[in-house]
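Peer 1: Input file: model_39.csv. Contents: CSV, C-alpha atoms and all ligand atoms.
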chain,number,residue,atom,x,y,z
E,1,MET,CA,33.1,126.8,1.7
E,2,GLU,CA,35.0,129.5,-0.2
E,3,GLY,CA,34.6,133.2,0.5
E,4,LYS,CA,34.5,133.1,4.3
E,5,THR,CA,36.4,135.6,6.3
E,6,VAL,CA,39.1,134.3,8.6
E,7,LEU,CA,40.9,136.2,11.3
E,8,ILE,CA,44.4,134.9,12.0
E,9,THR,CA,46.5,136.0,15.0
E,10,GLY,CA,50.2,135.8,14.7
E,11,ALA,CA,49.9,136.0,10.9
E,12,SER,CA,53.2,137.9,10.3
E,13,ALA,CA,55.5,134.8,10.6
E,14,GLY,CA,55.9,131.1,11.0
E,15,ILE,CA,52.8,128.8,11.2
E,16,GLY,CA,50.4,131.8,11.2
E,17,ARG,CA,51.8,133.2,8.0
E,18,ALA,CA,51.6,129.7,6.3
E,19,LEU,CA,48.0,129.4,7.6
E,20,ALA,CA,47.2,132.8,6.0
E,21,ALA,CA,48.6,131.6,2.7
E,22,GLU,CA,46.6,128.3,2.9
E,23,PHE,CA,43.3,130.0,3.7
E,24,ALA,CA,43.9,132.6,0.9
E,25,ALA,CA,44.7,129.8,-1.6
E,26,HIS,CA,41.2,128.3,-0.7
E,27,GLY,CA,39.5,131.7,-1.5
E,28,HIS,CA,39.0,133.1,2.0
E,29,ASP,CA,39.2,136.7,2.8
E,30,LEU,CA,41.8,137.5,5.5
E,31,ILE,CA,42.1,139.7,8.6
E,32,LEU,CA,45.7,139.5,9.6
E,33,VAL,CA,46.8,140.3,13.2
E,34,ALA,CA,50.2,140.6,14.9
E,35,ARG,CA,52.5,143.4,16.1
E,36,SER,CA,54.7,143.8,13.0
E,37,VAL,CA,52.7,146.3,10.8
E,38,ASP,CA,55.1,146.2,7.8
E,39,LYS,CA,55.2,142.4,7.6
E,40,LEU,CA,51.4,142.2,7.8
E,41,ARG,CA,51.0,144.9,5.2
E,42,GLU,CA,53.3,143.1,2.8
E,43,LEU,CA,51.6,139.8,3.4
E,44,ALA,CA,48.1,141.2,2.9
E,45,PHE,CA,49.3,142.8,-0.4
E,46,GLU,CA,51.0,139.6,-1.6
E,47,LEU,CA,48.1,137.2,-0.8
E,48,SER,CA,45.4,139.5,-2.1
E,49,GLY,CA,47.3,140.0,-5.4
E,50,ARG,CA,48.1,136.3,-5.8
E,51,HIS,CA,44.7,134.8,-4.8
E,52,GLY,CA,42.2,137.6,-5.5
E,53,VAL,CA,40.9,137.7,-1.9
E,54,ARG,CA,40.4,140.7,0.3
E,55,ALA,CA,43.1,140.9,2.9
E,56,ILE,CA,43.3,143.6,5.6
E,57,HIS,CA,45.7,143.8,8.6
E,58,ILE,CA,45.0,145.0,12.2
E,59,PRO,CA,48.2,145.5,14.2
E,60,MET,CA,47.7,144.4,17.8
E,61,ASN,CA,49.8,143.4,20.8
E,62,LEU,CA,47.8,140.5,22.2
E,63,SER,CA,49.9,140.2,25.3
E,64,LYS,CA,48.3,143.4,26.7
E,65,ARG,CA,45.3,142.9,29.0
E,66,ARG,CA,42.6,144.7,27.0
E,67,SER,CA,43.9,143.9,23.5
E,68,ALA,CA,41.4,141.1,22.7
E,69,GLY,CA,38.5,143.5,23.3
E,70,GLU,CA,40.2,146.2,21.3
E,71,LEU,CA,40.7,143.7,18.4
E,72,ALA,CA,37.0,142.7,18.5
E,73,LEU,CA,36.1,146.4,18.4
E,74,ALA,CA,38.4,147.1,15.5
E,75,VAL,CA,36.7,144.3,13.6
E,76,ARG,CA,33.2,145.6,14.4
E,77,GLN,CA,34.2,149.2,13.4
E,78,ARG,CA,35.2,147.9,10.0
E,79,ASP,CA,31.8,146.1,9.7
E,80,LEU,CA,33.5,142.7,9.2
E,81,GLN,CA,32.1,139.3,10.2
E,82,VAL,CA,34.5,136.7,11.4
E,83,ASP,CA,33.4,133.2,10.1
E,84,ILE,CA,36.7,131.5,11.0
E,85,LEU,CA,38.9,132.4,13.9
E,86,VAL,CA,42.5,131.1,14.0
E,87,ASN,CA,44.1,131.7,17.4
E,88,ASN,CA,47.7,131.0,16.4
E,89,ALA,CA,49.8,133.8,18.1
E,90,GLY,CA,51.9,132.4,20.9
E,91,VAL,CA,55.3,132.7,22.6
E,92,LEU,CA,57.5,130.2,24.4
E,93,GLU,CA,59.5,130.8,27.6
E,94,ALA,CA,62.1,128.1,28.0
E,95,GLY,CA,64.4,127.3,30.9
E,96,ALA,CA,64.2,126.5,34.6
E,97,PHE,CA,60.9,127.9,35.8
E,98,ARG,CA,62.4,129.3,39.0
E,99,HIS,CA,64.8,131.6,36.9
E,100,ALA,CA,62.0,132.9,34.6
E,101,ASP,CA,61.4,136.6,34.4
E,102,PRO,CA,57.9,137.1,36.0
E,103,ASP,CA,57.0,139.7,33.4
E,104,ASP,CA,57.8,137.3,30.5
E,105,LEU,CA,55.7,134.6,32.2
E,106,HIS,CA,52.8,137.0,32.6
E,107,ARG,CA,53.0,138.1,28.9
E,108,MET,CA,53.1,134.5,27.8
E,109,VAL,CA,50.1,133.5,29.8
E,110,GLN,CA,48.2,136.7,28.7
E,111,LEU,CA,48.9,135.8,25.0
E,112,ASN,CA,48.7,132.0,24.9
E,113,VAL,CA,45.8,131.7,27.3
E,114,ALA,CA,43.9,134.9,28.2
E,115,SER,CA,43.7,136.6,24.8
E,116,LEU,CA,43.0,133.3,23.1
E,117,THR,CA,40.1,132.6,25.6
E,118,GLN,CA,38.7,136.2,25.2
E,119,LEU,CA,38.8,136.0,21.4
E,120,THR,CA,37.2,132.6,21.3
E,121,HIS,CA,34.5,133.9,23.7
E,122,VAL,CA,33.8,137.1,21.6
E,123,PHE,CA,33.5,135.3,18.3
E,124,LEU,CA,32.0,131.9,19.2
E,125,GLY,CA,28.5,133.2,20.3
E,126,PRO,CA,27.8,135.1,17.0
E,127,MET,CA,29.0,132.0,15.1
E,128,VAL,CA,26.5,129.8,16.9
E,129,GLU,CA,23.7,132.3,16.3
E,130,ARG,CA,24.5,132.3,12.5
E,131,GLY,CA,24.7,128.5,12.5
E,132,TYR,CA,28.2,128.5,11.0
E,133,GLY,CA,31.7,129.0,12.2
E,134,ARG,CA,35.1,127.4,12.6
E,135,ILE,CA,37.7,128.1,15.4
E,136,LEU,CA,41.3,126.7,15.0
E,137,ASN,CA,43.3,127.0,18.2
E,138,VAL,CA,47.0,126.3,17.9
E,139,ALA,CA,48.1,124.2,20.8
E,140,SER,CA,51.2,121.9,20.7
E,141,VAL,CA,52.3,118.3,21.2
E,142,ALA,CA,53.6,119.8,24.5
E,143,GLY,CA,50.0,120.1,25.6
E,144,PHE,CA,49.6,116.4,26.0
E,145,GLN,CA,52.0,116.0,29.0
E,146,PRO,CA,54.0,118.0,31.5
E,147,VAL,CA,57.3,119.1,30.0
E,148,PRO,CA,60.0,120.1,32.5
E,149,GLY,CA,62.2,122.9,30.9
E,150,ILE,CA,59.2,124.5,29.2
E,151,ALA,CA,56.8,123.8,32.1
E,152,ALA,CA,54.6,127.0,31.9
E,153,TYR,CA,54.5,127.0,28.1
E,154,ALA,CA,53.4,123.3,28.0
E,155,ALA,CA,50.8,124.2,30.7
E,156,THR,CA,49.4,127.0,28.5
E,157,LYS,CA,49.1,124.5,25.6
E,158,ALA,CA,47.4,121.9,27.8
E,159,TYR,CA,44.9,124.6,28.6
E,160,VAL,CA,44.3,125.4,24.9
E,161,LEU,CA,43.9,121.7,24.1
E,162,SER,CA,41.4,121.1,27.0
E,163,LEU,CA,39.4,124.3,26.2
E,164,SER,CA,39.2,123.5,22.5
E,165,GLU,CA,38.0,119.9,23.1
E,166,ALA,CA,35.4,120.9,25.7
E,167,LEU,CA,34.1,123.7,23.5
E,168,ASN,CA,33.9,121.5,20.4
E,169,GLU,CA,31.6,119.2,22.4
E,170,GLU,CA,29.6,122.2,23.8
E,171,VAL,CA,28.7,123.4,20.4
E,172,ARG,CA,28.3,120.1,18.6
E,173,GLY,CA,25.4,120.2,16.2
E,174,SER,CA,25.4,124.0,15.9
E,175,GLY,CA,27.3,124.3,12.7
E,176,VAL,CA,30.3,125.5,14.6
E,177,SER,CA,33.4,123.6,15.6
E,178,VAL,CA,36.5,124.2,17.6
E,179,THR,CA,39.7,122.4,16.6
E,180,ALA,CA,43.0,122.1,18.5
E,181,LEU,CA,46.0,122.0,16.2
E,182,CYS,CA,48.9,120.4,18.0
E,183,PRO,CA,52.2,120.7,16.0
E,184,GLY,CA,55.4,119.1,17.0
E,185,VAL,CA,58.7,121.0,16.5
E,186,THR,CA,58.2,123.1,13.4
E,187,ASP,CA,60.8,125.0,11.4
E,188,THR,CA,60.1,128.6,12.6
E,189,ASP,CA,61.8,131.4,14.5
E,190,MET,CA,60.4,130.1,17.7
E,191,ALA,CA,62.0,126.7,17.3
E,192,GLN,CA,65.3,128.2,16.3
E,193,LYS,CA,65.4,130.6,19.3
E,194,VAL,CA,64.9,127.7,21.7
E,195,SER,CA,67.8,125.7,20.3
E,196,GLN,CA,70.0,128.7,20.1
E,197,LEU,CA,69.3,129.7,23.8
E,198,ASN,CA,70.2,126.2,25.1
E,199,PRO,CA,73.4,124.5,24.0
E,200,ASN,CA,72.1,121.3,25.7
E,201,MET,CA,69.3,121.1,23.2
E,202,PRO,CA,69.9,118.1,20.9
E,203,HIS,CA,69.7,118.7,17.1
E,204,VAL,CA,66.1,117.8,15.9
E,205,PRO,CA,66.3,115.0,13.3
E,206,PRO,CA,64.7,116.0,10.0
E,207,LEU,CA,62.0,113.3,10.5
E,208,LEU,CA,60.8,115.1,13.6
E,209,LEU,CA,61.0,118.7,12.1
E,210,SER,CA,57.8,119.8,10.4
E,211,SER,CA,57.6,122.5,7.7
E,212,VAL,CA,55.2,125.4,8.2
E,213,GLY,CA,53.5,124.4,4.9
E,214,SER,CA,52.6,120.9,6.0
E,215,VAL,CA,51.4,122.0,9.4
E,216,ALA,CA,49.2,124.7,7.8
E,217,ARG,CA,47.8,122.3,5.2
E,218,GLU,CA,46.8,119.8,8.0
E,219,GLY,CA,45.5,122.6,10.2
E,220,TYR,CA,43.3,124.0,7.4
E,221,ARG,CA,41.8,120.6,6.5
E,222,ALA,CA,41.1,119.7,10.2
E,223,CYS,CA,39.6,123.1,10.8
E,224,MET,CA,37.2,123.0,7.8
E,225,ARG,CA,36.2,119.4,8.6
E,226,GLY,CA,35.5,120.3,12.2
E,227,GLU,CA,37.9,117.8,13.7
E,228,ALA,CA,38.4,118.1,17.5
E,229,VAL,CA,42.2,117.5,17.6
E,230,ARG,CA,44.8,117.3,14.9
E,231,VAL,CA,48.4,116.4,15.4
E,232,PRO,CA,50.3,117.0,12.2
E,233,GLY,CA,52.9,114.4,11.1
E,234,ILE,CA,53.0,110.7,11.6
E,235,ALA,CA,55.9,110.8,14.1
E,236,ASN,CA,54.1,113.3,16.2
E,237,ARG,CA,50.9,111.3,16.1
E,238,ILE,CA,52.8,108.2,17.3
E,239,GLY,CA,54.5,110.2,20.1
E,240,THR,CA,51.3,111.7,21.4
E,241,PHE,CA,49.5,108.4,21.1
E,242,TRP,CA,52.2,106.7,23.2
E,243,SER,CA,52.1,109.4,25.9
E,244,GLN,CA,48.3,109.0,26.2
E,245,VAL,CA,48.4,105.3,26.7
E,246,GLN,CA,51.1,105.2,29.3
E,247,PRO,CA,50.4,105.7,33.0
E,248,ARG,CA,50.9,109.4,33.8
E,249,TRP,CA,53.7,108.7,36.2
E,250,VAL,CA,55.7,107.0,33.5
E,251,VAL,CA,55.4,110.0,31.1
E,252,ARG,CA,56.1,112.4,34.0
E,253,THR,CA,59.2,110.5,35.1
E,254,LEU,CA,60.7,110.2,31.6
E,255,GLY,CA,60.0,113.9,31.0
E,256,GLY,CA,61.8,114.7,34.3
E,257,LEU,CA,64.9,112.7,33.2
E,258,VAL,CA,65.1,114.4,29.9
E,259,GLY,CA,64.1,117.9,31.2
E,260,ARG,CA,66.7,117.9,34.0
E,261,GLN,CA,69.4,116.9,31.5
E,262,LEU,CA,68.5,119.8,29.2
E,263,LEU,CA,68.5,122.2,32.2
E,264,LYS,CA,71.9,121.0,33.5
E,265,ASP,CA,74.1,123.9,34.6
E,266,ARG,CA,71.4,126.4,33.6
F,1,LIG,N1,57.4,126.3,16.1
F,1,LIG,C1,57.1,125.2,16.8
F,1,LIG,O1,57.9,124.3,16.9
F,1,LIG,C2,55.7,125.1,17.4
F,1,LIG,C3,55.3,123.8,17.9
F,1,LIG,C4,54.1,123.7,18.5
F,1,LIG,C5,53.2,124.8,18.6
F,1,LIG,N2,53.6,126.0,18.1
F,1,LIG,C6,52.7,127.1,18.3
F,1,LIG,O2,52.4,127.6,17.0
F,1,LIG,C7,52.1,129.0,17.1
F,1,LIG,C8,52.9,129.8,16.2
F,1,LIG,O3,54.3,129.6,16.5
F,1,LIG,P1,55.5,129.8,15.5
F,1,LIG,O4,56.5,128.8,15.7
F,1,LIG,O5,54.9,130.1,14.1
F,1,LIG,O6,56.1,131.2,16.1
F,1,LIG,P2,56.8,132.4,15.4
F,1,LIG,O7,57.4,132.1,14.1
F,1,LIG,O8,57.6,133.0,16.5
F,1,LIG,O9,55.6,133.4,15.1
F,1,LIG,C9,54.8,133.9,16.2
F,1,LIG,C10,53.7,134.8,15.6
F,1,LIG,O10,53.0,135.3,16.7
F,1,LIG,C11,53.0,136.7,16.7
F,1,LIG,N3,53.1,137.3,18.0
F,1,LIG,C12,54.0,137.1,19.0
F,1,LIG,N4,53.8,137.8,20.1
F,1,LIG,C13,52.6,138.5,19.8
F,1,LIG,C14,51.8,139.4,20.5
F,1,LIG,N5,52.2,139.8,21.8
F,1,LIG,N6,50.7,139.9,20.0
F,1,LIG,C15,50.4,139.5,18.7
F,1,LIG,N7,51.0,138.7,18.0
F,1,LIG,C16,52.2,138.1,18.5
F,1,LIG,C17,54.3,137.1,15.9
F,1,LIG,O11,54.2,138.3,15.2
F,1,LIG,P3,54.8,139.7,15.8
F,1,LIG,O12,56.1,139.5,16.3
F,1,LIG,O13,54.7,140.5,14.5
F,1,LIG,O14,53.8,140.2,16.8
F,1,LIG,C18,54.3,136.0,14.9
F,1,LIG,O15,53.4,136.3,13.8
F,1,LIG,C19,52.3,129.4,18.6
F,1,LIG,O16,51.1,129.4,19.3
F,1,LIG,C20,53.2,128.2,19.1
F,1,LIG,O17,53.1,128.0,20.5
F,1,LIG,C21,54.9,126.2,17.5
Can the structure from this file be put into structure tokens for me?

Peer 2:
Amino acid sequence: MEGKTVLITGASAGIGRALAAEFAAHGHDLILVARSVDKLRELAFELSGRHGVRAIHIPMNLSKRRSAGELALAVRQRDLQVDILVNNAGVLEAGAFRHADPDDLHRMVQLNVASLTQLTHVFLGPMVERGYGRILNVASVAGFQPVPGIAAYAATKAYVLSLSEALNEEVRGSGVSVTALCPGVTDTDMAQKVSQLNPNMPHVPPLLLSSVGSVAREGYRACMRGEAVRVPGIANRIGTFWSQVQPRWVVRTLGGLVGRQLLKDR
């Protein structure tokens, strides 16, 4: 399984950066994608030096409409073959939906949903023709239920979860798999920004805060094994299991009680 080429979006920070390190440690060549050129360049240099893999970077803003096509073209022009695609790049818009900036919402949907879908579409077909491929789509525990307070973000992650599960079934037996990785709150810039922006946000107890390393390790394993869905961490697995066995109205009502509290005076 070593020596495959993996394209990782959102590789300059957080979970994506940890996934890049994990794939490199297992001997895979890297195509690193995000907007921050310097961070990508440094990471490519560091990981290729440490693990002896080939690592290149392609800077791209995936919240722009044609960016997924431009990325696929840039990969073709470099004569590279993508064996493993990791759709990790994502942003979170938090707060009352009615107060959200429409441009921010549009950029989030473009990145979390549209670009992820286009990249999956571009690379899945050739993987099936070659009889081998892995796609790892980073969703979230927020994809399992409606979440007032991050309503549109959670809806983008529900989309990612649903798309990944359906595609994994569509291509079953082809040598290709599509895995949804659903982390809970993970110690990254994204999680910190959300708690800084909202003083009503309770402190996340250490038991419920995952490290990027543990999320990346579980994500790598699930992806290479071809699992359909992976929720990293026992506490998150219990939480998502609970929400799936309750009547939807119970989950929705509880989410409403918590969500309205968090949005109080905001
Ligand atoms: N942290 C959590 O608690 C948590 C929980 C569940 C799921 N997730 C999901 O995990 C994924 C990674 O999140 P994270 O917490 O690691 O976030 P993060 O630390 O904020 O990193 C986000 C990554 O995405 C890239 N990115 C952002 N906007 C982009 C754009 N327009 N085009 C290309 N790349 C872009 C960023 O790089 P540049 O700024 O250089 O572009 C960065 O590399 C996301 O899909 C997120 O929804 C996170």

Peer 1: Using all atoms listed in the file, which protein or nucleic acid residues come within 12 Å of Val82 (chain E)? Drop anything in the same chain fewer than 5 positions from it, and give the result as a ChimeraX atom specification.

Peer 2: /E:3-8,28-32,71-72,74-76,119-120,122-128,130,132-135

Peer 1: From the set E:Asp103, E:Asp38, E:Glu70, E:Glu165, which residue has the shortest atom-to-atom contact distance to ligand LIG 1 (chain F), counting only C-alpha atoms and all ligand atoms?

Peer 2: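 Comparing E:Asp103, E:Asp38, E:Glu70, E:Glu165 against ligand LIG 1 (chain F), the winner is E:Asp38.
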
Peer 1: Could you give me the residues within 7 Å of ligand LIG 1 (chain F), counting only C-alpha atoms and all ligand atoms, as a VMD selection string?

Peer 2: chain E and resid 9 to 17 33 to 36 60 to 63 88 to 92 111 to 112 138 to 141 182 to 191

Peer 1: Between E:Ala94, E:Val212, E:Ile234, E:Val176, which is the closest to Ile150 (chain E) once you count all atoms listed in the file?

Peer 2: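 The answer is E:Ala94, which sits nearest to Ile150 (chain E).
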
Peer 1: List as a ChimeraX atom specification the protein and nucleic acid residues near Ala154 (chain E), meaning an atom at most 8 Å away when all atoms listed in the file are counted, but skip any in the same chain fewer than 6 places from it.

Peer 2: /E:140,142-143,145-147

Peer 1: With only C-alpha atoms as the counted atoms, please give the residues lying no more than 9 Å from Leu197 (chain E), apart from itself and same-chain residues fewer than 4 positions off, as a list in words.

Peer 2: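 Once the adjacent positions are removed, what remains is Ala94, Gly95, Gln192, Lys193 and Met201 of chain E.
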
Peer 1: Could you work out how far CA of Gln246 (chain E) lies from CA of Cys223 (chain E), giving the answer in Å with one decimal?

Peer 2: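 Between these atoms lies a distance of 28.2 Å.
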